Structure formats: structure tokens, C-alpha cells
>>> print(open('run_22.tsv').read())   # TSV, C-alpha atoms and all ligand atoms
chain	number	residue	atom	x	y	z
A	1	MET	CA	-2.80	25.75	-26.87
A	2	ARG	CA	0.94	26.27	-27.14
A	3	GLY	CA	3.32	23.97	-25.23
A	4	TYR	CA	2.04	21.51	-22.64
A	5	PHE	CA	1.35	21.32	-18.94
A	6	GLY	CA	0.94	18.85	-16.12
A	7	VAL	CA	-0.89	19.18	-12.81
A	8	GLY	CA	0.20	17.91	-9.43
A	9	VAL	CA	-0.77	17.95	-5.78
A	10	GLU	CA	1.19	17.63	-2.56
A	11	GLY	CA	-0.19	15.94	0.55
A	12	ILE	CA	-3.75	15.97	-0.74
A	13	SER	CA	-6.16	14.18	1.57
A	14	LYS	CA	-9.67	14.34	0.11
A	15	GLU	CA	-10.78	11.97	-2.63
A	16	GLN	CA	-13.30	14.49	-3.89
A	17	ASN	CA	-10.60	17.11	-4.47
A	18	VAL	CA	-8.41	14.63	-6.33
A	19	GLY	CA	-11.39	13.76	-8.52
A	20	THR	CA	-12.23	17.40	-9.21
A	21	ILE	CA	-8.63	18.35	-10.06
A	22	VAL	CA	-7.99	15.29	-12.25
A	23	ARG	CA	-11.22	15.85	-14.13
A	24	SER	CA	-10.50	19.54	-14.69
A	25	ALA	CA	-6.91	18.77	-15.71
A	26	HIS	CA	-8.12	16.25	-18.26
A	27	SER	CA	-10.72	18.63	-19.61
A	28	PHE	CA	-8.28	21.56	-19.90
A	29	GLY	CA	-5.86	19.29	-21.77
A	30	ALA	CA	-3.18	18.47	-19.18
A	31	GLU	CA	-0.60	15.94	-20.37
A	32	PHE	CA	0.03	14.31	-17.00
A	33	PHE	CA	-1.04	14.24	-13.37
A	34	PHE	CA	1.23	13.68	-10.39
A	35	ALA	CA	1.16	13.59	-6.62
A	36	ILE	CA	3.78	13.98	-3.92
A	37	SER	CA	3.08	11.99	-0.75
A	38	PRO	CA	-0.72	11.97	-1.09
A	39	ASP	CA	-2.76	11.24	2.03
A	40	VAL	CA	-5.34	9.37	0.00
A	41	ASP	CA	-4.95	6.21	-2.08
A	42	ILE	CA	-4.87	7.66	-5.60
A	43	GLU	CA	-3.99	4.29	-7.12
A	44	ALA	CA	-7.32	2.98	-5.76
A	45	LEU	CA	-9.13	6.08	-7.00
A	46	LYS	CA	-7.92	5.37	-10.51
A	47	VAL	CA	-10.11	2.30	-10.55
A	48	SER	CA	-13.26	4.09	-9.40
A	49	ASP	CA	-12.73	7.23	-11.48
A	50	THR	CA	-15.90	7.78	-13.48
A	51	SER	CA	-14.59	10.68	-15.58
A	52	ASP	CA	-12.06	8.36	-17.26
A	53	ALA	CA	-9.40	11.01	-16.74
A	54	PHE	CA	-6.84	8.45	-15.60
A	55	ASP	CA	-7.37	6.50	-18.82
A	56	HIS	CA	-6.13	9.47	-20.81
A	57	MET	CA	-3.47	11.06	-18.60
A	58	PRO	CA	-0.50	9.24	-17.14
A	59	TYR	CA	-0.27	9.37	-13.32
A	60	TYR	CA	3.04	9.58	-11.43
A	61	GLN	CA	3.48	9.36	-7.67
A	62	TYR	CA	6.50	10.41	-5.60
A	63	ASP	CA	7.45	10.06	-1.95
A	64	SER	CA	9.12	13.43	-1.67
A	65	ALA	CA	9.84	16.70	-3.45
A	66	GLN	CA	13.38	15.49	-4.09
A	67	ALA	CA	12.10	12.39	-5.88
A	68	LEU	CA	9.91	14.39	-8.29
A	69	VAL	CA	10.95	13.90	-11.91
A	70	LEU	CA	9.68	16.25	-14.61
A	71	PRO	CA	10.18	16.23	-18.38
A	72	GLU	CA	13.23	18.10	-19.60
A	73	ARG	CA	12.80	21.91	-19.59
A	74	CYS	CA	9.43	21.63	-17.88
A	75	GLN	CA	9.21	24.30	-15.15
A	76	LEU	CA	7.60	23.59	-11.80
A	77	VAL	CA	5.11	26.30	-10.82
A	78	GLY	CA	3.99	26.32	-7.20
A	79	VAL	CA	0.53	27.70	-6.57
A	80	GLU	CA	0.39	29.09	-3.06
A	81	PHE	CA	-1.17	32.04	-1.27
A	82	THR	CA	2.04	33.66	0.00
A	83	GLU	CA	3.11	37.28	0.17
A	84	ASP	CA	6.02	36.85	-2.24
A	85	ALA	CA	4.08	34.87	-4.86
A	86	VAL	CA	3.49	36.45	-8.28
A	87	PRO	CA	-0.15	37.47	-8.75
A	88	LEU	CA	-1.58	35.21	-11.44
A	89	PRO	CA	-2.94	38.02	-13.69
A	90	SER	CA	0.64	39.35	-14.04
A	91	PHE	CA	2.31	35.96	-14.48
A	92	ARG	CA	3.72	34.76	-17.80
A	93	HIS	CA	3.01	31.01	-17.97
A	94	PRO	CA	5.97	28.86	-19.06
A	95	ILE	CA	5.36	27.04	-22.35
A	96	ARG	CA	6.22	23.75	-20.59
A	97	ALA	CA	4.87	23.82	-17.05
A	98	ALA	CA	3.90	21.57	-14.17
A	99	TYR	CA	1.60	23.27	-11.65
A	100	ILE	CA	1.59	21.99	-8.10
A	101	PHE	CA	-1.10	22.65	-5.47
A	102	GLY	CA	-0.90	22.23	-1.70
A	103	PRO	CA	-2.87	20.19	0.84
A	104	GLU	CA	-6.36	21.13	2.02
A	105	MET	CA	-5.22	21.83	5.58
A	106	GLY	CA	-1.84	23.41	4.92
A	107	SER	CA	0.49	24.84	2.30
A	108	LEU	CA	3.10	23.62	-0.14
A	109	SER	CA	6.12	22.34	1.80
A	110	ALA	CA	9.45	24.19	1.87
A	111	PRO	CA	11.19	21.46	-0.18
A	112	VAL	CA	8.53	21.76	-2.91
A	113	ILE	CA	8.72	25.58	-2.91
A	114	GLU	CA	12.50	25.25	-3.20
A	115	ARG	CA	12.12	23.18	-6.36
A	116	CYS	CA	9.72	25.66	-7.97
A	117	ALA	CA	10.91	27.93	-10.74
A	118	HIS	CA	7.97	30.24	-9.90
A	119	VAL	CA	5.34	30.59	-7.18
A	120	VAL	CA	2.04	32.20	-8.10
A	121	LYS	CA	-1.03	33.24	-6.16
A	122	ILE	CA	-4.58	34.01	-7.13
A	123	PRO	CA	-5.22	37.45	-5.68
A	124	MET	CA	-8.19	37.02	-3.34
A	125	LYS	CA	-9.14	37.87	0.23
A	126	PHE	CA	-8.30	34.34	1.42
A	127	CYS	CA	-7.52	30.82	0.21
A	128	VAL	CA	-10.14	28.91	-1.72
A	129	ASN	CA	-10.68	25.19	-2.13
A	130	VAL	CA	-7.71	23.56	-3.84
A	131	GLY	CA	-9.90	22.26	-6.68
A	132	VAL	CA	-11.19	25.77	-7.34
A	133	ALA	CA	-7.61	27.14	-7.30
A	134	ALA	CA	-6.51	24.45	-9.78
A	135	ALA	CA	-9.35	25.24	-12.19
A	136	LEU	CA	-8.61	28.98	-12.02
A	137	VAL	CA	-4.92	28.47	-12.82
A	138	MET	CA	-5.70	26.14	-15.75
A	139	TYR	CA	-8.32	28.57	-17.04
A	140	ASP	CA	-5.81	31.41	-16.84
A	141	ARG	CA	-3.28	29.33	-18.80
A	142	MET	CA	-5.89	28.61	-21.44
A	143	ILE	CA	-6.75	32.31	-21.76
A	144	CYS	CA	-3.07	33.30	-21.98
A	145	LEU	CA	-1.70	30.56	-24.23
A	146	GLY	CA	-4.77	29.35	-26.04
A	147	ARG	CA	-5.83	30.76	-29.33
A	148	HIS	CA	-9.04	32.73	-29.23
A	149	ALA	CA	-10.72	35.52	-31.09
A	150	GLU	CA	-9.96	38.96	-29.61
A	151	ARG	CA	-12.50	40.27	-27.14
A	152	PRO	CA	-14.52	43.14	-28.62
A	153	VAL	CA	-14.44	46.61	-27.05
A	154	THR	CA	-18.19	46.53	-26.41
A	155	PRO	CA	-19.97	43.72	-24.50
A	156	GLY	CA	-20.80	40.60	-26.44
A	157	ARG	CA	-19.35	38.17	-28.92
A	158	PRO	CA	-16.20	38.90	-30.95
A	159	LEU	CA	-16.67	40.70	-34.23
A	160	LEU	CA	-14.30	38.39	-36.06
A	161	ASP	CA	-13.77	34.65	-35.76
A	162	TYR	CA	-10.32	33.49	-34.73
A	163	THR	CA	-7.93	32.88	-37.61
A	164	PRO	CA	-4.68	31.13	-36.82
A	165	PRO	CA	-1.55	33.13	-37.60
A	166	ALA	CA	0.72	31.84	-40.37
A	167	GLN	CA	3.33	29.79	-38.48
A	168	VAL	CA	5.51	28.60	-41.34
A	169	HIS	CA	7.44	31.81	-41.73
A	170	ARG	CA	8.27	32.09	-38.02
A	171	ARG	CA	9.58	28.51	-37.91
A	172	LYS	CA	11.80	29.13	-40.90
A	173	LEU	CA	13.19	32.26	-39.27
A	174	ARG	CA	13.96	30.41	-36.05
A	175	ARG	CA	15.76	27.63	-37.90
A	176	LYS	CA	17.79	30.16	-39.84
A	177	LYS	CA	18.99	31.88	-36.69
A	178	GLY	CA	19.70	28.49	-35.08
A	179	VAL	CA	17.44	29.30	-32.14
A	180	ARG	CA	16.26	26.22	-30.28
A	181	ARG	CA	12.69	26.07	-29.05
B	1	LIG	C1	-7.37	25.55	0.73
B	1	LIG	S1	-5.70	25.90	0.50
B	1	LIG	C2	-4.98	25.49	2.05
B	1	LIG	C3	-5.47	26.24	3.21
B	1	LIG	C4	-4.64	27.45	3.54
B	1	LIG	N1	-3.22	27.17	3.67
B	1	LIG	C5	-5.15	28.08	4.79
B	1	LIG	O1	-4.80	27.62	5.89
B	1	LIG	O2	-5.95	29.00	4.65
B	1	LIG	C6	-5.12	24.52	-0.42
B	1	LIG	C7	-4.27	24.87	-1.59
B	1	LIG	O3	-5.06	25.55	-2.55
B	1	LIG	C8	-4.25	26.45	-3.26
B	1	LIG	N2	-4.84	27.79	-3.11
B	1	LIG	C9	-6.03	28.09	-2.61
B	1	LIG	N3	-6.29	29.40	-2.71
B	1	LIG	C10	-5.22	29.95	-3.32
B	1	LIG	C11	-4.89	31.28	-3.73
B	1	LIG	N4	-5.72	32.30	-3.55
B	1	LIG	N5	-3.69	31.49	-4.34
B	1	LIG	C12	-2.86	30.45	-4.57
B	1	LIG	N6	-3.12	29.18	-4.19
B	1	LIG	C13	-4.28	28.93	-3.58
B	1	LIG	C14	-2.85	26.32	-2.74
B	1	LIG	O4	-2.14	25.42	-3.56
B	1	LIG	C15	-3.07	25.78	-1.35
B	1	LIG	O5	-1.97	25.07	-0.84
>>> encode(input="run_22.tsv", output="C-alpha cells", more="lines below")
Ligand SMILES: C[S@@+](CC[C@H](N)C(=O)[O-])C[C@H]1O[C@@H](n2cnc3c(N)ncnc32)[C@H](O)[C@@H]1O
Amino acid sequence: MRGYFGVGVEGISKEQNVGTIVRSAHSFGAEFFFAISPDVDIEALKVSDTSDAFDHMPYYQYDSAQALVLPERCQLVGVEFTEDAVPLPSFRHPIRAAYIFGPEMGSLSAPVIERCAHVVKIPMKFCVNVGVAAALVMYDRMICLGRHAERPVTPGRPLLDYTPPAQVHRRKLRRKKGVRR
């Protein structure tokens, strides 16, 4: 997959949801996991985590939206079921992204939304469990930025296996034009 991504939660209160999201994040290849003012002791969960996700992904915790620190040029993407949010199927994922999900009994706070470069929603009739929302967003990123064989026109497996495009030429071109990645 191109670029990298991290996954975060704000005000999360159920251990089971933390476990589900961390495990999915690890499995989809997230580079880091973070939480803003969690309502559950995630440091303690790290010890009892049976999926080993915390052994492979760094965890960062912050007291507020203002305190959140992200890697340089990494864009914060809020995932929230609001009217103004961009529907996920029409959203272009940033190459470097940190996705943040809201609490089970509420929504992302105004200070978090303010820090977001984008807010996206999964078009549905109503909100789903935060762990389900997280998996859907990561799956969508994988489909959009991952490298896969083209879907065939008729049902079934692709006709051709995926072959990676030749990258060397594109890199040379970029360097020539002095374009920074
Ligand atoms: C279960 S929802 C919170 C409950 C919701 N505010 C309500 O009262 O119906 C928890 C979090 O999951 C995420 N979420 C769930 N469904 C979503 C959707 N369809 N689009 C975007 N985010 C969603 C958001 O991050 C949200 O803050």
C-alpha cells in the first residue's frame, strides 16, 4: 500500500472496541495507534492484549485534541456521521493519514473536528459500532491505495494477476522536475 496511516480514537470507553480497532489496525498495516482522553485504561489493556497488536504498533495517548502530535505532513481525517462529511466512496485518501473515530455514546468533539483536514462518513441509514466503522474505513483505504488486480467485468476472479507498475521511471521524472513527495 502506498504511504502510511495511523488510527486513533477519542473518548473511547469500551475495552472490547479498543481491542477490535487495534487488532484491525494492526492487520490492515497501520503504523501507529493513538487515543485522545480515553475512558478506559489502554495502558493496562496493552498488557492483556492477546492479538499482540501493541507489540508491533507504537501507542500514543493525549489529554486533549490540542495536545495531539502527528508526523509531519500526516493529515488528520475525522470519521463522523455528519451532514457535511464527505461520503467515503467519493473520498480521496491522503497518502499520509491518521484516522480518528469518536466515542461509543457520542461524536467527535468540536476541537478534534477543528483539527481535521477532512471529515468523512460512511453512507448508511444510521451509525454503526465504532469498531465496524474503523474496519470499513481501513478496508476502503486498502482498496483505494493498495495494489490489486483489476476486477473483471463479469463475476469472479480477475483474468490477470496483478503486476506492479514500473516505478523507476516515475521517480526519475519527479527528481528531474524537483517535485517533492
Ligand atoms: C456508534 S458511533 C456513536 C453514536 C452516534 N453518535 C449516535 O448517537 O448515533 C461511534 C463512532 O463510530 C463512528 N461511526 C459510526 N458509524 C459511522 C458512519 N456511518 N459514518 C462515519 N462514522 C461512523 C464515528 O467515529 C462515531 O463517532
>>> residues_near_ligand(input="run_22.tsv", ligand="ligand LIG 1 (chain B)", cutoff="7 Å", atoms="only C-alpha atoms and all ligand atoms", output="PyMOL selection string")
chain A and resi 79-81+100-108+120-124+126-130+133
>>> axis_aligned_box(input="run_22.tsv", around="region 94-98 of chain A", padding_each_side="5 Å", output="AutoDock Vina command-line options")
--center_x 5.1 --center_y 25.2 --center_z -18.3 --size_x 12.3 --size_y 17.3 --size_z 18.2
>>> residues_around(input="run_22.tsv", residues="Ser37 (chain A)", least_positions_apart="5", cutoff="8 Å", atoms="all atoms listed in the file", output="PyMOL selection string")
chain A and resi 10-12+61-64
>>> atom_distance(input="run_22.tsv", atom1="CA of Ile36 (chain A)", atom2="CA of Tyr139 (chain A)")
23.1 Å
>>> atom_distance(input="run_22.tsv", atom1="CA of Ala44 (chain A)", atom2="CA of Ala135 (chain A)")
23.3 Å
>>> residues_around(input="run_22.tsv", residues="Arg141 (chain A)", least_positions_apart="2", cutoff="12 Å", atoms="all atoms listed in the file", output="ChimeraX atom specification")
/A:1-6,25,28-30,77,88-99,134-139,143-147
